[in-house]
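What follows is one structure encoded as structure tokens, with my remarks underneath.
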Amino acid sequence: MNKTVMRIFIYFVLTAAAISLILLAVNMTSFAFLQSDPQNNRSKAILSDVSESLYNDDSGFHIGKGIIPHDYWCILLDDKGNVIWSENKPSDIPDHYSLRDIARISKWYLEDYPVYMSIEDYGLIILGAPKNSVGKYTIEYSMNWFDTLPQRIIKIIIINMILACILACIFGATLYKRLKMLLGGIRDLRDEKNVKLKEKGIFKELCKSINETSRSVERKNYLLSERDNARLNWIAGISHDIRTPLSLVIGNAEALEGSQLTEADRKRTLAIKTQGLKIKKLVEDLNIISSLEYDMQPSRKRVVRICPLIRRLTADIINSGLEEKYSIELMLGDESAAVLGDEALLERALFNIINNSIIHNNNGCDIKINEGLKNGNVYIEINDNGKGISSEVIENISIMPKTAHGIGLPMAYKIIKVHGGNMEIVNNNGAVIRIMLRAV
Amino acid sequence: MNEFAEYRILIADDEKDILKMLEEILRRAGFVNIYKAKSCAEALSIAQRIPISLYLLDVMLPDGDGFYLFESIKQFSHSPAIFITARGENEDKIRGLGLGADDYIVKPFLSQELILRIIAVLRRTYSKPRTIGRIRLSDREIDLENAVVTKGNEELPLTAKEYILIKKLYENKNKIVTNDSLCMAVWGSGYYGCENTLMVHIRHLRKKIEEDPSKPKHIITARGLGYRLVIGNE
């Protein structure tokens, strides 16, 4: 499970649980408030007023006007159950009550009128409220219920919490899925992949923005690659166009060489030919470097066996007239070592490294090439006993020089890099260059 | 001295100056029968009229590319072709197309290099027994035509593999030929791991051509690389 999304998910679930607990507490308090019914209290207040203001004189019981509202009624019973005073008494209310009647109406209703009672010295006051205005229920609890109330409240809270978490998980799963999709989209965006998220749900706007960003990145990359391609083709075209006139320059210089010339003219002709060949090499380098710069991958990959490549390259270097002061020794450990890559480029990289040892050690040197397989990688170590490589070159190995001067090693480095390999340069009694390439 | 001087060579290139320069290079090398074409159509019509020995074709021609021109030519002529290309990347195309191109050369080139390649291709195709047939060593001679080494009146026959090896070494005389190239020549691709067998064949070959096989003077080992056939200029 994704870490970030998981964190968001847990945060969401805990928040949901906390919210539900807060709501539970708030609701419990509110419920307690609801218990007090002002309407009900009104009846009790009237009863208390009646009991206070009812007085007895010679002509009987009296009460002040307006104390009993017109929709209420009130009767006073003597000890024998006879009505000795009444106010607003409806006709369906009897004038005499037995003990049984009293017991029946004490907590409930009298002929469907909700009634309230007050026991006075002079008798029993019964106040009747309008029909259907009050519901009366008896609530009884055992003492045990009160004793275990705190535990039960805690249980309820815990059950609530668990329930809240489960519900949050269920609802959160959807959120999780959407979040994961969003995160995936953003990751793809970072990797510059094509992103197309479904634009719906709560993250609709977000998805839309990500999709739009992806489209604009795609557009930009397309323009960039178009530009790179144009540049690459232009360079290839230019170098192609240079080759034909250069052939003529070199060819004609060679033709002149064969004719009768003064010594000075012969030197001039030779210079034309030599410089022409130098331009030829520059054009070749330009092509390789531009394709390395713009194509991040070698375009012509195939299985390249390393040992035959090293042997052929070494033989070519020796055959082309390597001076006696130089020697090349091969110590090839694994004949089967092969990599996937562009053979011409890899050959060029190794050539540049060997050639670097040759051209920078005018007094000669012994070059040793070690090869083998290690942990699924092909390693090639080229070392010499010459004067080594300057720290400036080592530090700037990943930077292609602006001119053709000193381009050999950075070009080799770049070639190894585009093949997904690694190239390390150290000085240890001469130059040591270690190359690692993934074996196939 | 050019033993192929009489051979007919057709050059096809759209660049007038290049055409002229190539002709001069060939003339200087001793070739006398040179035909020039500026387009595929022109080249095709010449090739149909005159039996050409070698085609020197530019890859880019105004009315098509050299590969397709060669495809058409191959329908009536079996002569070899060398392609001239101004792009390094065509190298793969030439190799990959399997068009039977015998060699290719990338512009710009040195005239000496071009001539060497032309001669090599001609030699491969029309190998004249007179020249390639005999390799003179200090006290004996290798007769490639009959695959025997002659020392005075003694004749030592060469096996098929020894014959291929000495021929390959001779084609690259005085240069190191890698084990890989030698094995490839003898056993074809999929030759890997043939080094030891190669060593055995070289030992046999040395017995036949060296005065003292334990101190070879002609087939020299380049340690870890291959072998070199050392012979003086004929």
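Residues are named by chain letter and number: chains run A, B, ... in the order of the structure tokens, numbers start at 1 in each chain, and ligands are numbered from 1 in the order shown.
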Counting only C-alpha atoms, give me one row per residue of chain B with an atom at most 7 Å from an atom of chain A, showing the shortest contact pair and its distance in Å to one decimal, sorted by chain then residue number, as a Markdown table.
```
| residue | atom | partner | partner_atom | distance |
| --- | --- | --- | --- | --- |
| B:Ile18 | CA | A:Leu248 | CA | 6.3 |
| B:Met21 | CA | A:Gly251 | CA | 6.7 |
| B:Ala86 | CA | A:His240 | CA | 5.4 |
| B:Arg87 | CA | A:His240 | CA | 5.8 |
| B:Lys107 | CA | A:Arg243 | CA | 5.5 |
| B:Pro108 | CA | A:Ser247 | CA | 4.1 |
| B:Phe109 | CA | A:Ser247 | CA | 6.3 |
| B:Leu110 | CA | A:Gly251 | CA | 6.7 |
| B:Ser111 | CA | A:Gly251 | CA | 6.5 |
| B:Lys175 | CA | A:Asn319 | CA | 5.4 |
| B:Ile176 | CA | A:Ala315 | CA | 5.7 |
| B:Thr178 | CA | A:Arg312 | CA | 6.2 |
| B:Asp180 | CA | A:Pro308 | CA | 6.1 |
| B:Gly224 | CA | A:Leu330 | CA | 6.0 |
| B:Leu225 | CA | A:Arg311 | CA | 5.4 |
```
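These are the residues of range 13-98 of chain B assigned strand (DSSP E) by DSSP from backbone coordinates: Asn33, Ile34, Tyr35, Lys36, Ala37, Leu54, Tyr55, Leu56, Leu57, Asp58, Met60, Leu61, Gly64, Asp65, Ala81, Ile82, Phe83, Ile84 and Thr85 of chain B.
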Output C-alpha atoms for every residue in that selection, as a PDB file, in the first residue's frame.
```pdb
ATOM      1  CA  ASN B  33      38.765   0.916 -68.674  1.00  0.00           C
ATOM      2  CA  ILE B  34      36.762   3.408 -66.659  1.00  0.00           C
ATOM      3  CA  TYR B  35      33.120   4.244 -67.279  1.00  0.00           C
ATOM      4  CA  LYS B  36      31.298   7.145 -65.665  1.00  0.00           C
ATOM      5  CA  ALA B  37      27.613   7.705 -64.936  1.00  0.00           C
ATOM      6  CA  LEU B  54      33.381  -3.722 -60.603  1.00  0.00           C
ATOM      7  CA  TYR B  55      30.807  -1.097 -59.710  1.00  0.00           C
ATOM      8  CA  LEU B  56      31.796   1.910 -57.630  1.00  0.00           C
ATOM      9  CA  LEU B  57      28.441   3.394 -56.637  1.00  0.00           C
ATOM     10  CA  ASP B  58      27.523   6.481 -54.682  1.00  0.00           C
ATOM     11  CA  MET B  60      22.859   9.000 -53.144  1.00  0.00           C
ATOM     12  CA  LEU B  61      22.053   9.487 -56.786  1.00  0.00           C
ATOM     13  CA  GLY B  64      17.309   6.838 -56.762  1.00  0.00           C
ATOM     14  CA  ASP B  65      19.801   5.380 -54.397  1.00  0.00           C
ATOM     15  CA  ALA B  81      30.131  -3.427 -55.978  1.00  0.00           C
ATOM     16  CA  ILE B  82      31.730  -0.985 -53.595  1.00  0.00           C
ATOM     17  CA  PHE B  83      29.469   1.714 -52.210  1.00  0.00           C
ATOM     18  CA  ILE B  84      30.642   5.229 -51.568  1.00  0.00           C
ATOM     19  CA  THR B  85      28.694   6.998 -48.880  1.00  0.00           C
TER      20      THR B  85
END
```
Provide the CA of Phe67 in chain B to CA of Thr125 in chain B distance in Å, to one decimal place.
19.6 Å
Give me, as a ChimeraX atom specification, all polymer residues having an atom no more than 7 Å from range 138-149 of chain B, counting only C-alpha atoms and skipping those fewer than 2 positions away in the same chain.
/B:129,133-136,151,155-158,163,208-209
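Among B:Asn172, B:Asn2, B:Thr197, B:Ser39, the residue with the shortest atom-to-atom distance to Leu19 in chain B, counting only C-alpha atoms, is B:Ser39.
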Could you pull the residues within 10 Å of Leu256 in chain A, counting only C-alpha atoms, minus those fewer than 6 positions along the same chain, as a ChimeraX atom specification?
/A:250,265-266,269-270
How about saving the chosen residues, N, CA and C atoms kept, as a PDB file, in the first residue's frame?
```
ATOM      1  N   ILE A 250      40.828  16.584 -50.355  1.00  0.00           N
ATOM      2  CA  ILE A 250      41.854  15.581 -50.045  1.00  0.00           C
ATOM      3  C   ILE A 250      42.329  14.887 -51.327  1.00  0.00           C
ATOM      4  N   ASP A 265      55.987  23.544 -52.189  1.00  0.00           N
ATOM      5  CA  ASP A 265      54.637  23.188 -52.630  1.00  0.00           C
ATOM      6  C   ASP A 265      54.235  21.802 -52.131  1.00  0.00           C
ATOM      7  N   ARG A 266      55.205  20.902 -52.062  1.00  0.00           N
ATOM      8  CA  ARG A 266      54.908  19.565 -51.564  1.00  0.00           C
ATOM      9  C   ARG A 266      54.440  19.644 -50.106  1.00  0.00           C
ATOM     10  N   THR A 269      50.964  20.992 -50.018  1.00  0.00           N
ATOM     11  CA  THR A 269      50.006  19.969 -50.426  1.00  0.00           C
ATOM     12  C   THR A 269      49.753  18.989 -49.283  1.00  0.00           C
ATOM     13  N   LEU A 270      50.855  18.637 -48.630  1.00  0.00           N
ATOM     14  CA  LEU A 270      50.743  17.705 -47.510  1.00  0.00           C
ATOM     15  C   LEU A 270      49.882  18.312 -46.400  1.00  0.00           C
TER      16      LEU A 270
END
```
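Neighbouring residues of range 74-79 of chain A at 6 Å or closer, counting only C-alpha atoms and skipping chain neighbours under 2 positions away, are A:Gly81, A:Asn82, A:Val83, A:Ile84, A:Trp85, A:Ser86, A:Glu87, A:Gly123, A:Leu124, A:Ile125, A:Ile126, A:Leu127, A:Gly128.
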Please write the residues from the selection above to a file, keeping all heavy atoms, as a short mmCIF file (atom, residue, chain, number, x, y, z; two decimals), in the first residue's frame.
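The result, stored in part_26.cif:
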```
data_model
loop_
_atom_site.label_atom_id
_atom_site.label_comp_id
_atom_site.auth_asym_id
_atom_site.auth_seq_id
_atom_site.Cartn_x
_atom_site.Cartn_y
_atom_site.Cartn_z
N GLY A 81 -63.80 12.33 48.81
CA GLY A 81 -63.79 12.18 47.35
C GLY A 81 -64.88 13.00 46.67
O GLY A 81 -65.11 12.83 45.48
N ASN A 82 -65.46 13.93 47.37
CA ASN A 82 -66.47 14.76 46.74
C ASN A 82 -65.85 16.05 46.24
O ASN A 82 -64.95 16.59 46.86
CB ASN A 82 -67.57 15.10 47.75
CG ASN A 82 -68.33 13.84 48.15
OD1 ASN A 82 -68.66 13.02 47.30
ND2 ASN A 82 -68.55 13.69 49.47
N VAL A 83 -66.37 16.54 45.09
CA VAL A 83 -65.89 17.81 44.56
C VAL A 83 -66.48 18.91 45.40
O VAL A 83 -67.71 19.03 45.49
CB VAL A 83 -66.29 17.99 43.07
CG1 VAL A 83 -65.90 19.37 42.58
CG2 VAL A 83 -65.63 16.92 42.20
N ILE A 84 -65.57 19.69 46.07
CA ILE A 84 -66.12 20.73 46.93
C ILE A 84 -65.94 22.09 46.30
O ILE A 84 -66.51 23.08 46.70
CB ILE A 84 -65.50 20.69 48.34
CG1 ILE A 84 -63.96 20.60 48.24
CG2 ILE A 84 -66.06 19.52 49.15
CD1 ILE A 84 -63.28 20.73 49.59
N TRP A 85 -65.09 22.13 45.24
CA TRP A 85 -64.92 23.42 44.50
C TRP A 85 -64.45 23.06 43.09
O TRP A 85 -63.74 22.07 42.88
CB TRP A 85 -63.88 24.27 45.21
CG TRP A 85 -63.50 25.47 44.40
CD1 TRP A 85 -64.15 26.65 44.32
CD2 TRP A 85 -62.37 25.53 43.54
NE1 TRP A 85 -63.55 27.49 43.49
CE2 TRP A 85 -62.39 26.81 42.97
CE3 TRP A 85 -61.36 24.65 43.19
CZ2 TRP A 85 -61.43 27.23 42.09
CZ3 TRP A 85 -60.43 25.11 42.33
CH2 TRP A 85 -60.44 26.37 41.76
N SER A 86 -64.90 23.84 42.18
CA SER A 86 -64.41 23.57 40.81
C SER A 86 -64.36 24.83 39.99
O SER A 86 -65.05 25.81 40.32
CB SER A 86 -65.29 22.54 40.12
OG SER A 86 -66.54 23.11 39.80
N GLU A 87 -63.53 24.84 38.99
CA GLU A 87 -63.41 25.99 38.06
C GLU A 87 -63.28 25.42 36.65
O GLU A 87 -62.46 24.50 36.43
CB GLU A 87 -62.15 26.79 38.45
CG GLU A 87 -61.90 28.02 37.63
CD GLU A 87 -62.56 29.29 38.23
OE1 GLU A 87 -62.92 29.25 39.41
OE2 GLU A 87 -62.71 30.28 37.48
N GLY A 123 -57.75 19.71 51.26
CA GLY A 123 -58.23 18.73 50.27
C GLY A 123 -57.21 18.46 49.16
O GLY A 123 -56.05 18.81 49.28
N LEU A 124 -57.69 17.84 48.09
CA LEU A 124 -56.81 17.45 46.97
C LEU A 124 -57.17 18.27 45.74
O LEU A 124 -58.30 18.22 45.27
CB LEU A 124 -57.02 15.96 46.67
CG LEU A 124 -56.16 15.34 45.58
CD1 LEU A 124 -54.70 15.26 45.98
CD2 LEU A 124 -56.67 13.94 45.22
N ILE A 125 -56.18 19.08 45.27
CA ILE A 125 -56.45 19.90 44.08
C ILE A 125 -56.10 19.06 42.85
O ILE A 125 -55.03 18.45 42.78
CB ILE A 125 -55.60 21.17 44.06
CG1 ILE A 125 -55.86 22.02 45.31
CG2 ILE A 125 -55.84 21.97 42.79
CD1 ILE A 125 -54.91 23.18 45.47
N ILE A 126 -57.02 19.01 41.89
CA ILE A 126 -56.73 18.33 40.62
C ILE A 126 -56.84 19.36 39.52
O ILE A 126 -57.88 19.97 39.34
CB ILE A 126 -57.70 17.17 40.36
CG1 ILE A 126 -57.57 16.10 41.45
CG2 ILE A 126 -57.44 16.54 38.98
CD1 ILE A 126 -58.58 14.98 41.34
N LEU A 127 -55.69 19.58 38.81
CA LEU A 127 -55.68 20.55 37.69
C LEU A 127 -55.70 19.75 36.39
O LEU A 127 -54.91 18.84 36.19
CB LEU A 127 -54.41 21.39 37.75
CG LEU A 127 -54.23 22.41 36.63
CD1 LEU A 127 -55.20 23.59 36.80
CD2 LEU A 127 -52.79 22.91 36.56
N GLY A 128 -56.66 20.10 35.56
CA GLY A 128 -56.76 19.39 34.27
C GLY A 128 -56.27 20.25 33.13
O GLY A 128 -56.68 21.39 33.00
#
```
Residues of range 23-142 of chain A classed as alpha helix (DSSP H) by DSSP on the backbone are to be reported as a PyMOL selection string.
chain A and resi 23-35+38-53+99-105
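Note that CA of Ile416 in chain A and CA of Asp384 in chain A are 19.9 Å apart.
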With only C-alpha atoms as the counted atoms, please give the residues lying no more than 9 Å from range 17-34 of chain A, apart from itself and same-chain residues fewer than 5 positions off, as a list in words.
Phe12, Ile157, Asn160, Met161, Ile162, Leu163, Ala164, Cys165, Leu167 and Ala168 of chain A
What does the file look like for those residues with N, CA and C atoms, as a PDB file, in the first residue's frame?
```pdb
ATOM      1  N   PHE A  12      -7.735  10.578   7.637  1.00  0.00           N
ATOM      2  CA  PHE A  12      -9.154  10.717   7.318  1.00  0.00           C
ATOM      3  C   PHE A  12     -10.004   9.910   8.293  1.00  0.00           C
ATOM      4  N   ILE A 157     -19.588   4.749  24.000  1.00  0.00           N
ATOM      5  CA  ILE A 157     -18.608   5.606  23.321  1.00  0.00           C
ATOM      6  C   ILE A 157     -17.652   4.753  22.482  1.00  0.00           C
ATOM      7  N   ASN A 160     -19.356   3.362  19.531  1.00  0.00           N
ATOM      8  CA  ASN A 160     -19.499   4.470  18.588  1.00  0.00           C
ATOM      9  C   ASN A 160     -18.217   4.724  17.821  1.00  0.00           C
ATOM     10  N   MET A 161     -17.132   4.684  18.618  1.00  0.00           N
ATOM     11  CA  MET A 161     -15.848   4.981  17.999  1.00  0.00           C
ATOM     12  C   MET A 161     -15.516   3.933  16.934  1.00  0.00           C
ATOM     13  N   ILE A 162     -15.712   2.635  17.315  1.00  0.00           N
ATOM     14  CA  ILE A 162     -15.415   1.552  16.367  1.00  0.00           C
ATOM     15  C   ILE A 162     -16.299   1.688  15.120  1.00  0.00           C
ATOM     16  N   LEU A 163     -17.583   1.922  15.406  1.00  0.00           N
ATOM     17  CA  LEU A 163     -18.525   2.056  14.295  1.00  0.00           C
ATOM     18  C   LEU A 163     -18.104   3.213  13.386  1.00  0.00           C
ATOM     19  N   ALA A 164     -17.690   4.323  14.038  1.00  0.00           N
ATOM     20  CA  ALA A 164     -17.277   5.490  13.255  1.00  0.00           C
ATOM     21  C   ALA A 164     -16.071   5.132  12.393  1.00  0.00           C
ATOM     22  N   CYS A 165     -15.135   4.368  12.994  1.00  0.00           N
ATOM     23  CA  CYS A 165     -13.937   3.987  12.243  1.00  0.00           C
ATOM     24  C   CYS A 165     -14.307   3.089  11.071  1.00  0.00           C
ATOM     25  N   LEU A 167     -17.189   2.804   9.520  1.00  0.00           N
ATOM     26  CA  LEU A 167     -17.892   3.577   8.483  1.00  0.00           C
ATOM     27  C   LEU A 167     -16.896   4.457   7.720  1.00  0.00           C
ATOM     28  N   ALA A 168     -15.977   5.065   8.499  1.00  0.00           N
ATOM     29  CA  ALA A 168     -14.981   5.931   7.852  1.00  0.00           C
ATOM     30  C   ALA A 168     -14.129   5.120   6.886  1.00  0.00           C
TER      31      ALA A 168
END
```
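With only C-alpha atoms as the atoms that count, the residue of B:Cys40, B:Glu23, B:Ala5, B:Ile220 with the shortest distance to Leu114 in chain B is B:Glu23.
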Using only C-alpha atoms, determine which residues lie at most 10 Å from Tyr176 in chain A, disregarding the query and same-chain residues fewer than 5 positions distant; provide the list as a list in words.
Asn2, Val5, Met6, Ile8, Phe9, Ile10, Phe12, Cys169, Ile170, Phe171, Met181 and Leu182 of chain A
Selected residues written out with N, CA, C and O atoms, as a PDB file, in the first residue's frame:
```
ATOM      1  N   ASN A   2       0.412   2.221  -0.699  1.00  0.00           N
ATOM      2  CA  ASN A   2       1.190   3.445  -0.838  1.00  0.00           C
ATOM      3  C   ASN A   2       1.277   4.211   0.473  1.00  0.00           C
ATOM      4  O   ASN A   2       0.297   4.372   1.178  1.00  0.00           O
ATOM      5  N   VAL A   5      -0.575   7.808   0.578  1.00  0.00           N
ATOM      6  CA  VAL A   5      -2.024   7.629   0.525  1.00  0.00           C
ATOM      7  C   VAL A   5      -2.497   7.000   1.824  1.00  0.00           C
ATOM      8  O   VAL A   5      -3.527   7.377   2.379  1.00  0.00           O
ATOM      9  N   MET A   6      -1.715   6.074   2.362  1.00  0.00           N
ATOM     10  CA  MET A   6      -2.056   5.404   3.626  1.00  0.00           C
ATOM     11  C   MET A   6      -2.138   6.438   4.740  1.00  0.00           C
ATOM     12  O   MET A   6      -3.046   6.405   5.570  1.00  0.00           O
ATOM     13  N   ILE A   8      -2.728   9.642   4.471  1.00  0.00           N
ATOM     14  CA  ILE A   8      -3.933  10.461   4.271  1.00  0.00           C
ATOM     15  C   ILE A   8      -5.162   9.677   4.725  1.00  0.00           C
ATOM     16  O   ILE A   8      -6.048  10.199   5.407  1.00  0.00           O
ATOM     17  N   PHE A   9      -5.181   8.393   4.371  1.00  0.00           N
ATOM     18  CA  PHE A   9      -6.310   7.527   4.701  1.00  0.00           C
ATOM     19  C   PHE A   9      -6.481   7.422   6.219  1.00  0.00           C
ATOM     20  O   PHE A   9      -7.581   7.612   6.751  1.00  0.00           O
ATOM     21  N   ILE A  10      -5.386   7.170   6.950  1.00  0.00           N
ATOM     22  CA  ILE A  10      -5.457   7.039   8.417  1.00  0.00           C
ATOM     23  C   ILE A  10      -5.913   8.362   9.021  1.00  0.00           C
ATOM     24  O   ILE A  10      -6.779   8.403   9.898  1.00  0.00           O
ATOM     25  N   PHE A  12      -7.735  10.578   7.637  1.00  0.00           N
ATOM     26  CA  PHE A  12      -9.154  10.717   7.318  1.00  0.00           C
ATOM     27  C   PHE A  12     -10.004   9.910   8.293  1.00  0.00           C
ATOM     28  O   PHE A  12     -10.976  10.406   8.864  1.00  0.00           O
ATOM     29  N   CYS A 169     -13.783   3.871   7.301  1.00  0.00           N
ATOM     30  CA  CYS A 169     -12.987   3.012   6.409  1.00  0.00           C
ATOM     31  C   CYS A 169     -13.745   2.728   5.124  1.00  0.00           C
ATOM     32  O   CYS A 169     -13.187   2.793   4.029  1.00  0.00           O
ATOM     33  N   ILE A 170     -15.042   2.388   5.305  1.00  0.00           N
ATOM     34  CA  ILE A 170     -15.846   2.039   4.125  1.00  0.00           C
ATOM     35  C   ILE A 170     -15.929   3.232   3.176  1.00  0.00           C
ATOM     36  O   ILE A 170     -15.656   3.131   1.981  1.00  0.00           O
ATOM     37  N   PHE A 171     -16.278   4.392   3.776  1.00  0.00           N
ATOM     38  CA  PHE A 171     -16.371   5.575   2.900  1.00  0.00           C
ATOM     39  C   PHE A 171     -14.987   6.003   2.422  1.00  0.00           C
ATOM     40  O   PHE A 171     -14.808   6.477   1.312  1.00  0.00           O
ATOM     41  N   MET A 181      -5.236   7.052  -7.342  1.00  0.00           N
ATOM     42  CA  MET A 181      -5.264   7.376  -8.771  1.00  0.00           C
ATOM     43  C   MET A 181      -4.607   8.744  -9.005  1.00  0.00           C
ATOM     44  O   MET A 181      -3.789   8.912  -9.906  1.00  0.00           O
ATOM     45  N   LEU A 182      -4.978   9.710  -8.130  1.00  0.00           N
ATOM     46  CA  LEU A 182      -4.418  11.056  -8.260  1.00  0.00           C
ATOM     47  C   LEU A 182      -2.903  11.031  -8.104  1.00  0.00           C
ATOM     48  O   LEU A 182      -2.176  11.616  -8.901  1.00  0.00           O
TER      49      LEU A 182
END
```
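Our summary of the geometry notes that CA of Gly388 in chain A is positioned 17.8 Å from CA of His405 in chain A.
Closest approach to Asp188 in chain A among A:Pro150, A:Met411, A:Ala173, A:Asn211: A:Asn211, based on only C-alpha atoms.
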